[in-house]
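Student: First the structure, which I've put down as C-alpha cells, then a few questions once you've had a look.
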Amino acid sequence: MQHEMLWNEAVVFTHAKSPASFEQWFSGVQFDGITDGIISLRARDEFVRDWVERHFLPTLTDYLRSQTGWSVQVAWSVGGDLERPVACGISEPPVRPRALVPSSVTNRLAGRIYEESATKAPTSASAGAASARPKRLDGLNPKYTFANFVVGPSNQLAHAAAIAAAGGGGPRYNPVFVCGGTGLGKTHLVQAVAHRFRSERPSARILYVSAEQFVNEFVQSLQEGRMSEFRNRYRGRCDLLLVDDIQFLASKTQTQEEFFHAFNVLHHADKQIVVTSDKYPQQLERMEERLVSRFKWGLIADIQGPELETRVAILRKKAELEQIELESDVILFLAQSIRSNVRELEGTLIRLAAKSSLLGRSIDLEFARQELAVTVNPRPNEASVDDIQRVVCHHFKLRSNDLLSKDRHKSVAFARHVAMYLCKQRLKCSFPELGRAFGNRDHTTVMSAVRKVCNLRTSDPEVRAHLDALERKLGTTD
C-alpha cells in the first residue's frame, strides 16, 4: 500500500510537468509494483518504452529518490495486454501519514525478508508478538538490498544480472557468476537477490551459503551418515541457490564432485544459481574443468573498483543510512583518498564518525585530513593488476574479460601485451603470477609480450603514445 501511494505521488508530480504528453505515452505503460527500490513497468512496445525512459523516467525516479532515499532502478517488460495503463489511473494521492517520512521509509520498506511461519502454532499469549517479529532468513544482512546498492559503471552489469536472477525483469541467465576483488559488493548483490526473490515468492526455498559452509556441511554429513539428507537439501528442496566465495572449493575434490551433481540437478530443473568469486572462472586454480565450464554456461559479470563518482554516491548513501552528517567537500576528499574498495571506504567513514563522536567535534575537512594522514598509508603505486586491466580495456574500448580470453585478434592481442607490460613495469610481479592473472597463460607468453612491447616503445611512436596516455591515467586518482 505504501509503495502504491509513493508511486501515485510520483505520477501526479510527473504528470503536472506535461499533462497532454504524459497521458499520450503513459496510456501504453502499466505499473506492476515496487519491490526493494525496483520499479516494475510494462510497455506496449519498445518504442513506447524507449520514449518514456528517455523523457519521463528521470523526473519520476528523481522524485522517488528525493522522497525515500532509495537507489531507484526500473525493470521493464515489453508486450502483453495492459490491464491498468498508468494514464487511466491518475488521481490526487492521499496524504501520506508521518510514519512514512523519508528517513524511515528506507529502513522499514527496503527489502525485509522473513522465513515462513513456524509449523508449530504459537500460544495465544505469544501469537501477537510472534506475528509482529517474524524470523529473518538466516545468514542475510537486512541492509544488503537492491535499494541500498549504489550502481555505477563498474558494477552495472552485475547489478542488472542480479535483478534478472531475482525475477525483476530483463533476460535471465543461469548461472550468474559474479566476480571481483575483495570488498566491492559481491556479497551485497547476492544477498539482495535472496531478499528480492523471497519478497516475490514468500514460500520459496532459498539456500544462501558460503563455499566454506558448504564444505563443512558436506564433511559433517559424510561423518554422520546423513548424505541423503544433505543431497535432498541442495537438490530437492531448493528453488534458489546462492554460494559466496566459490573459490574456496579449490582442491577439495570430493566436495567439488558433490557440488557438480547438485549444480546439474538444479540447472536441469531451471532453478536459479548465483555464485560469487574473487576470480574469473578460467582463473580458478585446482577447480575441476567440468565445473569451470558450467560456470561459463550463463553470464559472467565482473565488478571493478568503483569510479570517483560512484565512490561519492556510496559515501552519501552510507552517511544517510548511518545518519552521519557530512559536508560535500569532506565526501569528495574521502572518495579521492580511498580508492581500493567499498569496504575500506565505508569503514573509514564509520571510523571518522566514531572518533568525532568521542571527541565531540564535527567531521570537517581539517578533521578528515588529520585522521586519514594517520590511518591511511600513502601507496604511490597502489594500482593492482585488475586496475591496470580495467584502464587498458577502457583505453582500447574492449570488454573487461577480453584480456583473459583466448581471442588472438590483433587489436585484442596488442592490448593484452600492453597490459602485461604495464603490470610488469609497475607492480614487479613475477612472470608466472602475471600468466595466471591473464587467463592462466604460460609464463613464456608473458615474457615474450613484455619484451615485444618494450622494443616497440623505443621504435614505434604510436605505441609510445598509447603507453604514455595509459601511464598518465594510472597515475591519476581515477
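All residue names refer to the C-alpha cells as shown: chains lettered A, B, ... in order, residues numbered from 1 in each chain, ligands numbered from 1 in order.
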Using the chain letters and numbers from this document, which residues of segment 368-464 of chain A does DSSP assign to helix (DSSP H, G or I), as an MDAnalysis selection string?

Tutor: chainID A and resid 368:375 385:396 402:404 410:427 431:437 443:459 461:464

Student: For the interface of segment 5-82 of chain A with segment 309-328 of chain A (cut-off 9 Å, counting only C-alpha atoms), please tabulate each contacting residue of segment 5-82 of chain A alongside its nearest pair of atoms and their separation in Å to one decimal, rows sorted by chain and increasing number, as CSV.

Tutor:
```
residue,atom,partner,partner_atom,distance
A:Gly69,CA,A:Lys317,CA,8.0
A:Trp70,CA,A:Lys317,CA,8.9
A:Ser71,CA,A:Lys317,CA,8.6
```

Student: Put those residues in a file: N, CA and C atoms, as an mmCIF file, in the first residue's frame.

Tutor:
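Written file, selection_21.cif:
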```
data_model
loop_
_atom_site.group_PDB
_atom_site.id
_atom_site.type_symbol
_atom_site.label_atom_id
_atom_site.label_comp_id
_atom_site.auth_asym_id
_atom_site.auth_seq_id
_atom_site.Cartn_x
_atom_site.Cartn_y
_atom_site.Cartn_z
ATOM 1 N N GLY A 69 15.023 8.167 -0.455
ATOM 2 C CA GLY A 69 16.438 7.864 -0.297
ATOM 3 C C GLY A 69 16.849 6.578 -0.974
ATOM 4 N N TRP A 70 15.910 5.928 -1.703
ATOM 5 C CA TRP A 70 16.238 4.682 -2.394
ATOM 6 C C TRP A 70 17.191 4.915 -3.559
ATOM 7 N N SER A 71 17.940 3.902 -3.915
ATOM 8 C CA SER A 71 18.678 3.884 -5.176
ATOM 9 C C SER A 71 17.734 3.281 -6.218
#
```

Student: Neighbours of Arg416 of chain A within 9 Å (only C-alpha atoms; same-chain residues fewer than 2 positions away dropped), as a PyMOL selection string?

Tutor: chain A and resi 389+392-393+402-404+411-414+418-421+438+449

Student: Select from segment 270-290 of chain A every residue with an atom at most 12 Å from any atom of segment 202-223 of chain A, then for each give the shortest pair of atoms and their distance in Å to one decimal, using only C-alpha atoms, rows by chain and rising number, as CSV.

Tutor:
```
residue,atom,partner,partner_atom,distance
A:Lys271,CA,A:Ile206,CA,10.4
A:Gln272,CA,A:Ile206,CA,9.9
A:Ile273,CA,A:Leu207,CA,9.9
A:Val274,CA,A:Tyr208,CA,9.5
A:Val275,CA,A:Ala211,CA,9.3
A:Thr276,CA,A:Ser210,CA,9.3
A:Ser277,CA,A:Ala211,CA,9.8
```

Student: From the list A:Arg436, A:Arg44, A:Lys279, A:Arg237, which residue is nearest Ala250 of chain A when using only C-alpha atoms?

Tutor: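 Of the candidates, the smallest distance to Ala250 of chain A is held by A:Lys279.
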
Student: Contacts of Gln24 of chain A at 12 Å or less, counting only C-alpha atoms, minus same-chain residues fewer than 2 places along, as a list of chain:residue names?

Tutor: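 Neighbouring residues, sequence-local ones excluded: A:His15, A:Ser18, A:Pro19, A:Ala20, A:Ser21, A:Phe22, A:Phe26, A:Ser27, A:Gly28, A:Val29, A:Val48, A:Trp51, A:Val52, A:Phe56, A:Pro85, A:Val86, A:Ala87, A:Cys88.
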
Student: For His466 of chain A, work out the shell of residues within 12 Å, counting only C-alpha atoms and skipping chain neighbours fewer than 6 positions away, then give it as a PyMOL selection string.

Tutor: chain A and resi 391-392+395-396+414-415+418-419+422+453+456-457+460+472-473

Student: Please measure the separation of atom CA of Gly80 of chain A and atom CA of Ala10 of chain A, giving the value in Å to one decimal.

Tutor: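 Separating atom CA of Gly80 of chain A from atom CA of Ala10 of chain A is a distance of 24.5 Å.
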
Student: Between atom CA of Thr59 of chain A and atom CA of Phe47 of chain A, measure the distance and give it in Å to one decimal.

Tutor: 19.1 Å

Student: Per DSSP on the backbone, filter segment 250-477 of chain A down to the residues in strand (DSSP E or B) and report them as number ranges by chain.

Tutor: A: 272-277, 299-303
